[in-house]
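Dropping run-v8.txt in here (compact mmCIF, C-alpha atoms and all ligand atoms):
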```txt
# COMPACT_ATOMS: atom_id res chain seq x y z
CA MET R 169 -34.27 -26.86 7.51
CA LYS R 170 -32.40 -28.08 4.46
CA ILE R 171 -28.65 -27.63 4.44
CA ALA R 172 -26.97 -27.46 1.02
CA SER R 173 -25.47 -30.81 0.09
CA ARG R 174 -22.13 -29.18 -0.73
CA LEU R 175 -21.66 -28.63 2.99
CA ASN R 176 -21.68 -32.38 3.61
CA LYS R 177 -18.74 -32.77 1.26
CA ILE R 178 -16.37 -30.78 3.47
CA SER R 179 -15.53 -30.94 7.17
CA THR R 180 -15.38 -28.00 9.56
CA TYR R 181 -11.70 -28.35 10.18
CA LEU R 182 -9.37 -31.15 9.27
CA LEU R 183 -7.84 -31.49 12.71
CA THR R 184 -11.10 -31.66 14.66
CA GLU R 185 -10.70 -35.21 15.95
CA ILE R 186 -7.17 -34.87 17.29
CA ASN R 187 -8.06 -31.37 18.52
CA SER R 188 -10.84 -32.66 20.74
CA LYS R 189 -8.45 -35.27 22.16
CA LYS R 190 -5.98 -32.49 22.97
CA GLN R 191 -8.68 -30.38 24.61
CA LYS R 192 -9.68 -33.31 26.81
CA LEU R 193 -6.09 -33.69 28.04
CA ILE R 194 -5.80 -29.97 28.73
CA ASP R 195 -9.11 -30.06 30.64
CA GLU R 196 -7.68 -32.89 32.74
CA GLY R 197 -4.83 -30.56 33.67
CA LYS R 198 -2.20 -32.33 31.55
CA ASP R 199 0.86 -30.45 30.29
CA VAL R 200 0.29 -30.69 26.54
CA ILE R 201 3.00 -29.37 24.19
CA ASP R 202 1.21 -27.99 21.16
CA LEU R 203 3.47 -28.23 18.11
CA CYS R 204 0.52 -28.20 15.75
CA PHE R 205 -0.60 -24.60 15.77
CA GLY R 206 0.71 -22.94 12.61
CA ALA R 207 0.42 -19.28 13.52
CA PRO R 208 3.03 -16.86 14.91
CA ASP R 209 3.05 -16.72 18.72
CA TYR R 210 4.39 -13.16 18.98
CA ALA R 211 2.34 -9.99 19.26
CA THR R 212 2.11 -7.58 16.32
CA SER R 213 5.01 -5.09 16.40
CA ALA R 214 4.52 -1.86 18.34
CA HIS R 215 5.00 0.40 15.30
CA ILE R 216 2.07 -1.33 13.55
CA VAL R 217 -0.16 -1.14 16.62
CA ALA R 218 0.75 2.55 17.00
CA ALA R 219 -0.22 3.22 13.36
CA MET R 220 -3.55 1.53 14.08
CA HIS R 221 -4.14 3.77 17.11
CA ARG R 222 -3.54 6.87 14.99
CA ALA R 223 -5.72 5.59 12.17
CA ILE R 224 -8.65 4.63 14.35
CA ASP R 225 -8.68 8.09 15.96
CA ASP R 226 -9.25 9.57 12.50
CA PRO R 227 -13.01 9.34 11.83
CA SER R 228 -12.44 9.33 8.07
CA THR R 229 -11.34 5.69 8.45
CA HIS R 230 -14.72 4.68 9.89
CA LYS R 231 -16.63 4.68 6.59
CA TYR R 232 -17.02 1.91 4.05
CA PRO R 233 -13.60 1.49 2.48
CA PRO R 234 -13.20 1.25 -1.31
CA TYR R 235 -13.54 -2.46 -2.14
CA ARG R 236 -10.16 -2.64 -3.93
CA GLY R 237 -8.35 -1.01 -1.00
CA ILE R 238 -7.39 2.62 -0.47
CA LYS R 239 -4.92 4.10 -2.93
CA GLU R 240 -2.28 4.56 -0.21
CA TYR R 241 -2.44 0.84 0.62
CA ARG R 242 -2.28 -0.37 -3.00
CA LYS R 243 0.59 2.01 -3.71
CA SER R 244 2.44 0.86 -0.61
CA ALA R 245 1.96 -2.80 -1.63
CA ALA R 246 3.22 -2.01 -5.16
CA ASP R 247 6.26 -0.19 -3.73
CA TRP R 248 6.96 -3.19 -1.52
CA MET R 249 6.84 -5.52 -4.57
CA LYS R 250 9.37 -3.23 -6.27
CA ARG R 251 11.67 -3.02 -3.23
CA ARG R 252 11.47 -6.67 -2.37
CA PHE R 253 11.42 -8.35 -5.82
CA GLU R 254 12.19 -5.63 -8.38
CA VAL R 255 8.73 -6.31 -9.79
CA GLU R 256 6.67 -3.41 -11.22
CA VAL R 257 2.92 -3.62 -10.69
CA ASP R 258 0.33 -0.94 -11.35
CA PRO R 259 -1.35 -0.13 -8.02
CA ASP R 260 -4.57 0.83 -9.84
CA THR R 261 -5.11 -2.26 -11.97
CA GLU R 262 -2.73 -4.96 -10.77
CA VAL R 263 -3.15 -4.84 -6.98
CA ILE R 264 -6.21 -5.49 -4.82
CA ALA R 265 -6.45 -5.54 -1.01
CA SER R 266 -7.62 -8.82 0.54
CA ILE R 267 -9.21 -9.59 3.89
CA GLY R 268 -6.39 -12.09 4.33
CA SER R 269 -5.41 -14.59 1.64
CA LYS R 270 -7.97 -17.19 2.72
CA GLU R 271 -10.82 -14.87 1.70
CA ALA R 272 -9.22 -13.96 -1.62
CA ILE R 273 -8.45 -17.60 -2.44
CA HIS R 274 -12.11 -18.55 -2.18
CA ASN R 275 -13.40 -15.46 -3.96
CA LEU R 276 -11.01 -16.10 -6.85
CA TYR R 277 -12.82 -19.41 -7.40
CA LEU R 278 -16.10 -17.53 -7.84
CA ALA R 279 -14.48 -15.62 -10.68
CA PHE R 280 -12.80 -18.56 -12.44
CA VAL R 281 -14.17 -21.97 -11.53
CA GLU R 282 -17.29 -23.69 -12.87
CA PRO R 283 -18.71 -27.17 -12.21
CA GLY R 284 -16.75 -29.69 -14.27
CA ASP R 285 -13.57 -27.58 -14.35
CA TYR R 286 -10.39 -28.95 -12.88
CA VAL R 287 -8.30 -27.16 -10.28
CA LEU R 288 -4.72 -28.37 -9.85
CA ILE R 289 -3.71 -28.39 -6.19
CA PRO R 290 -0.52 -29.29 -4.33
CA ASP R 291 -0.65 -32.52 -2.28
CA PRO R 292 0.22 -32.07 0.55
CA GLY R 293 -1.06 -28.49 0.63
CA TYR R 294 -3.08 -25.78 2.31
CA PRO R 295 -6.58 -27.25 2.73
CA ALA R 296 -8.50 -24.22 1.35
CA TYR R 297 -7.54 -24.93 -2.29
CA ARG R 298 -9.32 -28.27 -2.05
CA THR R 299 -12.38 -27.21 -0.07
CA SER R 300 -13.07 -24.22 -2.32
CA THR R 301 -12.92 -26.54 -5.34
CA ILE R 302 -15.49 -28.82 -3.72
CA LEU R 303 -17.74 -25.90 -2.74
CA LEU R 304 -17.80 -24.75 -6.39
CA GLY R 305 -18.75 -28.22 -7.62
CA ALA R 306 -15.50 -28.56 -9.56
CA GLU R 307 -12.91 -31.35 -9.57
CA TYR R 308 -9.56 -31.10 -7.84
CA TYR R 309 -6.52 -32.83 -9.25
CA PRO R 310 -3.84 -33.36 -6.58
CA MET R 311 -0.27 -32.82 -7.79
CA PRO R 312 1.83 -35.09 -5.54
CA LEU R 313 4.79 -33.29 -3.97
CA LEU R 314 7.43 -35.91 -3.31
CA ALA R 315 10.59 -35.66 -1.24
CA GLU R 316 12.69 -36.95 -4.16
CA ASN R 317 11.51 -34.00 -6.30
CA GLY R 318 12.21 -31.45 -3.57
CA PHE R 319 8.44 -31.27 -2.97
CA LEU R 320 7.86 -29.60 -6.35
CA PRO R 321 5.08 -30.94 -8.61
CA ASN R 322 6.13 -32.75 -11.77
CA LEU R 323 4.17 -30.91 -14.45
CA LEU R 324 4.85 -33.67 -16.99
CA ASP R 325 2.80 -36.06 -14.84
CA ILE R 326 -0.38 -34.01 -15.26
CA PRO R 327 -2.56 -35.75 -17.87
CA THR R 328 -3.26 -33.57 -20.94
CA GLU R 329 -7.05 -34.08 -20.58
CA VAL R 330 -6.85 -32.72 -17.02
CA ALA R 331 -4.65 -29.77 -18.00
CA GLN R 332 -7.06 -28.89 -20.82
CA LYS R 333 -9.99 -28.76 -18.40
CA ALA R 334 -8.10 -26.93 -15.64
CA THR R 335 -8.75 -23.26 -14.91
CA LEU R 336 -6.50 -22.70 -11.88
CA LEU R 337 -3.20 -24.15 -10.68
CA TRP R 338 -2.08 -23.49 -7.08
CA VAL R 339 1.45 -23.45 -5.75
CA ASN R 340 2.77 -22.15 -2.45
CA TYR R 341 6.51 -21.68 -1.91
CA PRO R 342 7.94 -21.50 0.71
CA HIS R 343 5.58 -24.40 1.23
CA ASN R 344 3.19 -25.21 4.04
CA PRO R 345 3.50 -27.97 5.29
CA THR R 346 6.86 -29.25 3.90
CA GLY R 347 8.98 -26.08 4.23
CA ALA R 348 10.21 -26.60 0.64
CA VAL R 349 11.23 -23.65 -1.53
CA ALA R 350 11.06 -23.11 -5.29
CA SER R 351 13.48 -21.51 -7.75
CA LEU R 352 12.79 -19.00 -10.50
CA GLU R 353 13.52 -21.79 -13.01
CA PHE R 354 10.59 -23.76 -11.61
CA PHE R 355 8.36 -20.67 -11.74
CA THR R 356 9.43 -20.19 -15.38
CA GLU R 357 8.27 -23.74 -16.18
CA LEU R 358 4.98 -23.04 -14.43
CA VAL R 359 4.38 -19.86 -16.40
CA GLU R 360 5.03 -21.75 -19.66
CA PHE R 361 2.64 -24.50 -18.55
CA GLY R 362 -0.02 -21.93 -17.68
CA LYS R 363 0.33 -20.24 -21.06
CA LYS R 364 0.25 -23.53 -22.95
CA TYR R 365 -3.03 -24.66 -21.37
CA GLU R 366 -4.50 -21.24 -20.48
CA ILE R 367 -4.52 -21.97 -16.77
CA LEU R 368 -4.28 -19.09 -14.30
CA ILE R 369 -1.21 -19.80 -12.14
CA CYS R 370 -1.86 -18.81 -8.52
CA HIS R 371 1.12 -18.46 -6.23
CA ASP R 372 0.24 -18.29 -2.54
CA HIS R 373 3.28 -16.49 -1.12
CA ALA R 374 2.15 -16.46 2.54
CA TYR R 375 5.67 -17.23 3.81
CA SER R 376 7.63 -14.87 1.53
CA GLU R 377 9.37 -13.24 4.51
CA ILE R 378 9.65 -16.30 6.77
CA THR R 379 13.08 -17.33 5.49
CA TYR R 380 16.39 -18.16 7.13
CA ASP R 381 20.04 -17.25 6.68
CA SER R 382 20.63 -15.65 3.30
CA TYR R 383 17.70 -17.32 1.54
CA ALA R 384 15.26 -14.87 -0.12
CA SER R 385 12.09 -16.31 -1.63
CA PRO R 386 11.47 -15.21 -5.25
CA SER R 387 8.17 -13.89 -6.63
CA ILE R 388 6.64 -15.72 -9.59
CA LEU R 389 6.13 -12.25 -11.10
CA GLN R 390 9.92 -12.00 -11.55
CA VAL R 391 9.56 -14.41 -14.48
CA PRO R 392 9.39 -12.34 -17.70
CA GLY R 393 5.82 -12.45 -19.05
CA ALA R 394 4.43 -13.94 -15.81
CA LYS R 395 1.81 -11.21 -15.59
CA ASP R 396 0.17 -12.68 -18.72
CA ILE R 397 -0.97 -15.73 -16.76
CA ALA R 398 -0.07 -15.49 -13.06
CA ILE R 399 -1.13 -13.82 -9.84
CA GLU R 400 0.47 -13.85 -6.41
CA PHE R 401 -1.19 -13.78 -2.98
CA HIS R 402 0.58 -11.86 -0.22
CA SER R 403 -0.49 -11.77 3.40
CA CYS R 404 0.56 -9.74 6.43
CA SER R 405 -0.46 -12.66 8.69
CA LYS R 406 2.83 -14.53 8.96
CA SER R 407 5.28 -11.80 7.87
CA TYR R 408 4.22 -9.23 10.45
CA ASN R 409 2.49 -11.35 13.12
CA MET R 410 -0.89 -10.02 11.96
CA THR R 411 -3.04 -13.17 11.68
CA GLY R 412 -5.97 -11.60 13.52
CA TRP R 413 -6.00 -8.36 11.52
CA ARG R 414 -7.07 -10.05 8.26
CA VAL R 415 -5.15 -8.14 5.64
CA GLY R 416 -3.13 -8.93 2.54
CA PHE R 417 -3.16 -8.25 -1.19
CA VAL R 418 -3.29 -10.03 -4.52
CA THR R 419 -1.18 -8.82 -7.43
CA GLY R 420 -0.40 -9.71 -11.03
CA ASN R 421 -2.54 -10.29 -14.12
CA LYS R 422 -4.95 -7.39 -14.68
CA THR R 423 -7.88 -9.47 -15.88
CA ALA R 424 -7.62 -11.79 -12.88
CA ILE R 425 -7.30 -8.91 -10.43
CA GLY R 426 -10.23 -7.10 -12.08
CA SER R 427 -12.38 -10.25 -11.97
CA LEU R 428 -11.56 -10.88 -8.32
CA GLY R 429 -12.49 -7.24 -7.70
CA LYS R 430 -15.83 -7.71 -9.43
CA VAL R 431 -16.62 -10.64 -7.12
CA LYS R 432 -15.44 -8.81 -4.01
CA SER R 433 -17.37 -5.64 -4.80
CA ASN R 434 -20.52 -7.76 -4.66
CA ILE R 435 -19.62 -9.86 -1.63
CA ASP R 436 -17.57 -7.91 0.90
CA SER R 437 -17.00 -4.25 1.53
CA GLY R 438 -13.23 -4.21 1.77
CA VAL R 439 -10.67 -4.11 4.56
CA PHE R 440 -11.27 -1.65 7.42
CA GLU R 441 -9.33 1.43 6.36
CA ALA R 442 -7.54 1.75 9.71
CA ILE R 443 -6.21 -1.79 9.26
CA GLN R 444 -4.97 -0.89 5.78
CA ARG R 445 -3.05 2.05 7.27
CA ALA R 446 -1.59 -0.27 9.93
CA ALA R 447 -0.52 -2.71 7.20
CA VAL R 448 1.25 0.15 5.40
CA ALA R 449 3.32 0.51 8.58
CA GLY R 450 3.85 -3.28 8.41
CA PHE R 451 5.35 -3.05 4.90
CA ALA R 452 7.83 -0.52 6.28
CA THR R 453 9.01 -2.89 9.06
CA PRO R 454 12.80 -2.50 9.40
CA LYS R 455 14.74 -5.46 8.03
CA ALA R 456 16.55 -5.86 11.35
CA ASP R 457 13.24 -6.41 13.17
CA LEU R 458 12.26 -9.14 10.73
CA GLN R 459 15.68 -10.75 11.02
CA GLN R 460 15.41 -10.83 14.78
CA LEU R 461 12.09 -12.66 14.56
CA MET R 462 13.55 -15.07 11.99
CA SER R 463 16.45 -15.89 14.27
CA VAL R 464 13.96 -16.90 16.97
CA TYR R 465 12.16 -19.30 14.59
CA GLN R 466 15.46 -20.59 13.27
CA GLU R 467 16.73 -21.37 16.75
CA ARG R 468 13.55 -23.31 17.49
CA GLY R 469 13.94 -25.17 14.19
CA ASN R 470 17.49 -26.10 15.14
CA VAL R 471 16.37 -27.46 18.52
CA ILE R 472 13.79 -29.67 16.80
CA VAL R 473 16.01 -30.78 13.92
CA ASN R 474 19.00 -31.54 16.15
CA GLY R 475 16.73 -33.23 18.69
CA LEU R 476 15.08 -35.45 16.09
CA ARG R 477 18.51 -36.26 14.61
CA SER R 478 19.62 -37.45 18.05
CA LEU R 479 16.61 -39.79 17.97
CA GLY R 480 17.57 -41.27 14.60
CA TRP R 481 15.90 -38.97 12.09
CA SER R 482 17.95 -37.64 9.21
CA LEU R 483 16.67 -34.12 8.53
CA LYS R 484 17.88 -30.80 7.19
CA PRO R 485 16.83 -27.56 8.87
CA PRO R 486 14.18 -25.75 6.78
CA LYS R 487 15.23 -22.78 4.62
CA ALA R 488 11.87 -21.14 5.20
CA THR R 489 8.36 -21.36 6.78
CA LEU R 490 7.27 -22.04 10.34
CA TYR R 491 7.44 -25.82 9.94
CA VAL R 492 9.58 -28.91 10.12
CA TRP R 493 8.23 -31.78 8.00
CA ALA R 494 9.48 -35.18 9.09
CA PRO R 495 8.79 -38.82 8.16
CA VAL R 496 7.04 -41.07 10.70
CA PRO R 497 8.97 -44.13 11.93
CA LEU R 498 8.55 -47.51 10.26
CA GLY R 499 5.31 -49.29 11.09
CA TYR R 500 3.15 -46.24 11.74
CA THR R 501 0.67 -44.28 9.67
CA SER R 502 0.69 -40.50 10.16
CA THR R 503 -2.49 -40.70 12.24
CA GLU R 504 -1.09 -43.51 14.41
CA PHE R 505 2.18 -41.71 15.04
CA ALA R 506 0.44 -38.43 15.93
CA ALA R 507 -1.81 -40.38 18.31
CA LEU R 508 1.25 -42.08 19.85
CA LEU R 509 2.96 -38.74 20.48
CA LEU R 510 -0.20 -37.41 22.07
CA ASP R 511 -0.93 -40.49 24.20
CA LYS R 512 2.61 -41.24 25.37
CA CYS R 513 4.27 -37.81 25.39
CA MET R 514 1.38 -35.36 25.35
CA ILE R 515 2.88 -33.78 22.26
CA PHE R 516 0.45 -32.49 19.68
CA VAL R 517 1.69 -32.55 16.04
CA ALA R 518 -0.20 -32.43 12.74
CA PRO R 519 -0.40 -35.80 10.96
CA GLY R 520 0.76 -35.29 7.35
CA ASN R 521 -2.27 -36.93 5.76
CA VAL R 522 -4.53 -34.02 6.78
CA TYR R 523 -2.77 -31.98 4.08
CA GLY R 524 -3.49 -34.57 1.37
CA GLU R 525 -2.87 -38.22 0.50
CA ALA R 526 0.76 -37.59 -0.41
CA GLY R 527 1.30 -36.25 3.10
CA GLU R 528 0.78 -39.77 4.47
CA GLY R 529 3.94 -41.01 6.16
CA PHE R 530 4.90 -37.57 7.50
CA PHE R 531 4.10 -35.26 10.40
CA ARG R 532 4.40 -31.50 10.76
CA ILE R 533 5.94 -29.62 13.67
CA ALA R 534 5.19 -25.90 13.97
CA LEU R 535 7.95 -23.59 15.23
CA THR R 536 5.47 -21.44 17.11
CA VAL R 537 6.28 -22.30 20.74
CA PRO R 538 9.34 -21.28 22.80
CA LYS R 539 12.47 -23.38 22.29
CA GLU R 540 12.31 -24.67 25.88
CA GLN R 541 9.03 -26.40 24.95
CA MET R 542 10.70 -27.90 21.89
CA GLN R 543 13.54 -29.21 24.04
CA LYS R 544 11.02 -30.66 26.48
CA ALA R 545 9.22 -32.40 23.61
CA ILE R 546 12.44 -34.05 22.45
CA GLU R 547 13.21 -35.17 26.03
CA ARG R 548 9.75 -36.70 26.40
CA MET R 549 10.21 -38.63 23.15
CA GLU R 550 13.56 -39.96 24.34
CA VAL R 551 12.20 -41.00 27.74
CA ASN R 552 9.35 -42.84 26.03
CA GLY R 553 11.65 -44.63 23.62
CA ILE R 554 10.32 -42.98 20.48
CA TYR R 555 13.04 -43.26 17.85
CA TYR R 556 13.13 -43.15 14.09
CA LYS R 557 13.35 -46.54 12.46
CA LYS R 558 13.86 -46.48 8.74
CA LYS R 559 11.65 -48.17 6.22
CA SER R 560 13.79 -50.91 4.68
C1 LIG V 601 -1.54 -19.17 6.80
C2 LIG V 601 -1.74 -19.45 5.35
C3 LIG V 601 -2.65 -18.71 4.60
C4 LIG V 601 -3.67 -17.78 5.24
O1 LIG V 601 -3.30 -16.51 5.23
P1 LIG V 601 -4.32 -15.40 5.73
O2 LIG V 601 -3.83 -14.20 5.00
O3 LIG V 601 -4.19 -15.30 7.20
O4 LIG V 601 -5.70 -15.77 5.31
C5 LIG V 601 -2.71 -18.93 3.24
N1 LIG V 601 -1.95 -19.87 2.65
C6 LIG V 601 -1.10 -20.62 3.35
C7 LIG V 601 -0.29 -21.65 2.66
C8 LIG V 601 -0.98 -20.45 4.73
O5 LIG V 601 -0.16 -21.24 5.44
```
Can I see the file as structure tokens?
Ligand SMILES: *Cc1c(COP(=O)(O)O)cnc(C)c1O
Amino acid sequence: MKIASRLNKISTYLLTEINSKKQKLIDEGKDVIDLCFGAPDYATSAHIVAAMHRAIDDPSTHKYPPYRGIKEYRKSAADWMKRRFEVEVDPDTEVIASIGSKEAIHNLYLAFVEPGDYVLIPDPGYPAYRTSTILLGAEYYPMPLLAENGFLPNLLDIPTEVAQKATLLWVNYPHNPTGAVASLEFFTELVEFGKKYEILICHDHAYSEITYDSYASPSILQVPGAKDIAIEFHSCSKSYNMTGWRVGFVTGNKTAIGSLGKVKSNIDSGVFEAIQRAAVAGFATPKADLQQLMSVYQERGNVIVNGLRSLGWSLKPPKATLYVWAPVPLGYTSTEFAALLLDKCMIFVAPGNVYGEAGEGFFRIALTVPKEQMQKAIERMEVNGIYYKKKS
């Protein structure tokens, strides 16, 4: 049997090698602390599960759903955009349900990307932007996100020839893996850049609600005129502990939403209607419930940040996301340091280079295990003499 050559250009999952090492240790009965897994550890809230129970008992939800999502879902998503960001979107033409953002990200490429086109992707960044570019036979252009620029891309560094051949530009703030956030001023620059070069600006807002203290993450659609050139991806996965349910929505530019819809109508048959009804309950989650969950993540973040500081790191607690992004000590690559933590301390972290070349020199800690585990991880590092030594 002949497998398409495009499949040889991507790997199954970027963390496979270190993952198999971890599995071996677990099989040997070792007490591995997994700080790599980037998904919420809590169950979906009871009010969402209850809405699902009601919906699934109604046989009218058992049919093929409309591919764009049921009206109630699109309207509820549009109302949420209004409540949350003061952004008006038309539920009929500017909102489409997704089977999670990962699905919609790839299907958007089918609508917009041809061989030879460029796609501008954040480096480090969510791996799907890169793999979908490769699968479409297009070229990706990594925009390095550097600590000294607050992990924002410098648009002036993008060569004009690349910008002219680019069809999509991806950003994701609050940012996985660095935890960085972006301002409306930056989004305004992006919208101008997109208009200048006719590049669809795609904002992956997967962590819009995973924010701490008084920080509220803005929508790119708050920029006046953004709908001319931008779309935003929202997902219930992280916000409402719904990773397994596979539901989200994409909103913004009509032509882009319509084109994504055209692809999806030919490829999938929409989100199970009962899940859409459950997600409607998710959008209505009381603010206090969300805040309670955020205080749990924030406490874990503080344990890690204070712990690493006591070992010589100089770090600020993240304003958002489920991650702490930290530099590796002098003399190690990301891969070597992750291997050291696994071998010496049985701590599993993500080496920064798996998110792109510019992630080299960093590692990512996920705030998705109880704080006692975080404390234990810090203690193991201390016992094993793992400290931060600065590059001189
Ligand atoms: C988790 C994550 C996603 C995936 O979201 P789903 O809706 O579960 O597919 C997309 N983008 C980023 C940056 C993520 O971290």
Between atom CA of R:Thr419 and atom CA of R:His371, what distance in Å does the model show, to one decimal? 10.0 Å
Starting from the point (1.4, -2.8, 10.6), work out which residues of protein, DNA or RNA have an atom no more than 12 Å away when counting all atoms listed in the file; state them as number ranges by chain. R: 211-223, 241, 244, 403-416, 442-454
For atom CA of R:Trp493 and atom O4 of ligand LIG 601 (chain V), determine how far apart the two atoms are, in Å to one decimal place. 21.4 Å
Within 10 Å of file point (-10.0, -26.7, 3.1), counting all atoms listed in the file, expressed as a PyMOL selection string: chain R and resi 178-182+270+274+293-303+522-523
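Shortest separation to R:Gln466 among R:Asp381, R:Asp285, R:Asp195, R:Asp226 occurs at residue R:Asp381, atoms counted being only C-alpha atoms.
Distances here use all atoms listed in the file; by that measure, the residue among R:Tyr232, R:Tyr308, R:Tyr383, R:Phe417 closest to R:Trp248 is R:Phe417.
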Near-stretch 326-338 of chain R list (6 Å; only C-alpha atoms; drop same-chain fewer than 2 positions) as a ChimeraX atom specification: /R:285-289,323-324,365,367-370
Can you write out as a tab-separated table which residues of stretch 472-501 of chain R fall within 8 Å of stretch 544-550 of chain R, alongside each residue's closest atom pair and its distance in Å to one decimal, counting only C-alpha atoms and ordering rows by chain and ascending residue number?
```
residue	atom	partner	partner_atom	distance
R:Ile472	CA	R:Ile546	CA	7.3
R:Gly475	CA	R:Ile546	CA	5.8
R:Leu476	CA	R:Ile546	CA	7.0
R:Leu479	CA	R:Glu550	CA	7.1
```
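In this structure, atom CA of R:Val464 sits 29.0 Å away from atom CA of R:Asn317.
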Show me, as a PDB file with C-alpha atoms, in the frame of the given file, the residues that have an atom within 12 Å of R:Glu528 when counting all atoms listed in the file, minus same-chain residues fewer than 3 positions from it.
```
ATOM      1  CA  ASP R 291      -0.650 -32.520  -2.280  1.00  0.00           C
ATOM      2  CA  PRO R 292       0.220 -32.070   0.550  1.00  0.00           C
ATOM      3  CA  PRO R 312       1.830 -35.090  -5.540  1.00  0.00           C
ATOM      4  CA  LEU R 313       4.790 -33.290  -3.970  1.00  0.00           C
ATOM      5  CA  LEU R 314       7.430 -35.910  -3.310  1.00  0.00           C
ATOM      6  CA  TRP R 493       8.230 -31.780   8.000  1.00  0.00           C
ATOM      7  CA  ALA R 494       9.480 -35.180   9.090  1.00  0.00           C
ATOM      8  CA  PRO R 495       8.790 -38.820   8.160  1.00  0.00           C
ATOM      9  CA  VAL R 496       7.040 -41.070  10.700  1.00  0.00           C
ATOM     10  CA  PRO R 497       8.970 -44.130  11.930  1.00  0.00           C
ATOM     11  CA  TYR R 500       3.150 -46.240  11.740  1.00  0.00           C
ATOM     12  CA  THR R 501       0.670 -44.280   9.670  1.00  0.00           C
ATOM     13  CA  SER R 502       0.690 -40.500  10.160  1.00  0.00           C
ATOM     14  CA  THR R 503      -2.490 -40.700  12.240  1.00  0.00           C
ATOM     15  CA  GLU R 504      -1.090 -43.510  14.410  1.00  0.00           C
ATOM     16  CA  PHE R 505       2.180 -41.710  15.040  1.00  0.00           C
ATOM     17  CA  ALA R 506       0.440 -38.430  15.930  1.00  0.00           C
ATOM     18  CA  ALA R 518      -0.200 -32.430  12.740  1.00  0.00           C
ATOM     19  CA  PRO R 519      -0.400 -35.800  10.960  1.00  0.00           C
ATOM     20  CA  GLY R 520       0.760 -35.290   7.350  1.00  0.00           C
ATOM     21  CA  ASN R 521      -2.270 -36.930   5.760  1.00  0.00           C
ATOM     22  CA  VAL R 522      -4.530 -34.020   6.780  1.00  0.00           C
ATOM     23  CA  TYR R 523      -2.770 -31.980   4.080  1.00  0.00           C
ATOM     24  CA  GLY R 524      -3.490 -34.570   1.370  1.00  0.00           C
ATOM     25  CA  GLU R 525      -2.870 -38.220   0.500  1.00  0.00           C
ATOM     26  CA  PHE R 531       4.100 -35.260  10.400  1.00  0.00           C
ATOM     27  CA  ARG R 532       4.400 -31.500  10.760  1.00  0.00           C
TER      28      ARG R 532
END
```
Which residues are near R:Arg236? Cut-off 12 Å, all atoms listed in the file, ignore same chain within fewer than 6 positions. Put them as number ranges by chain. R: 242-243, 259-267, 272, 416-419, 425-434, 436-441, 444
Distance query stretch 512-514 of chain R at most 9 Å, all atoms listed in the file, self and fewer than 6 positions along chain excluded, as a PyMOL selection string: chain R and resi 190+193+198-202+545+548-549+551-552
Hey, can I get the axis-aligned box for stretch 462-469 of chain R? All listed atoms, 4 Å padding on each side, centre and edge lengths in Å to one decimal, as JSON.
```
{"center_x": 14.4, "center_y": -20.1, "center_z": 14.7, "size_x": 12.6, "size_y": 18.1, "size_z": 13.5}
```
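Among the candidate residues R:Val359, R:Leu458, R:Ala534, R:Ala398, the one lying nearest to ligand LIG 601 (chain V) is R:Ala534, with distances computed using all atoms listed in the file.
When all atoms listed in the file are used to measure the gap to ligand LIG 601 (chain V), the shortest distance among R:Ile171, R:Ile273, R:Val349, R:Ile533 belongs to R:Ile273.
The residue that comes closest to ligand LIG 601 (chain V), out of R:Lys177, R:Lys422, R:Lys395, R:His402 and on the basis of only C-alpha atoms and all ligand atoms, is R:His402.
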Counting all atoms listed in the file, the residue among R:Phe205, R:Tyr491, R:Phe355, R:Phe319 that lies closest to R:Pro386 is R:Phe355
Which residues come within 8 Å of R:His343, counting all atoms listed in the file, excluding same-chain residues fewer than 3 positions away, as a PyMOL selection string? chain R and resi 293+340+346-349+375+489
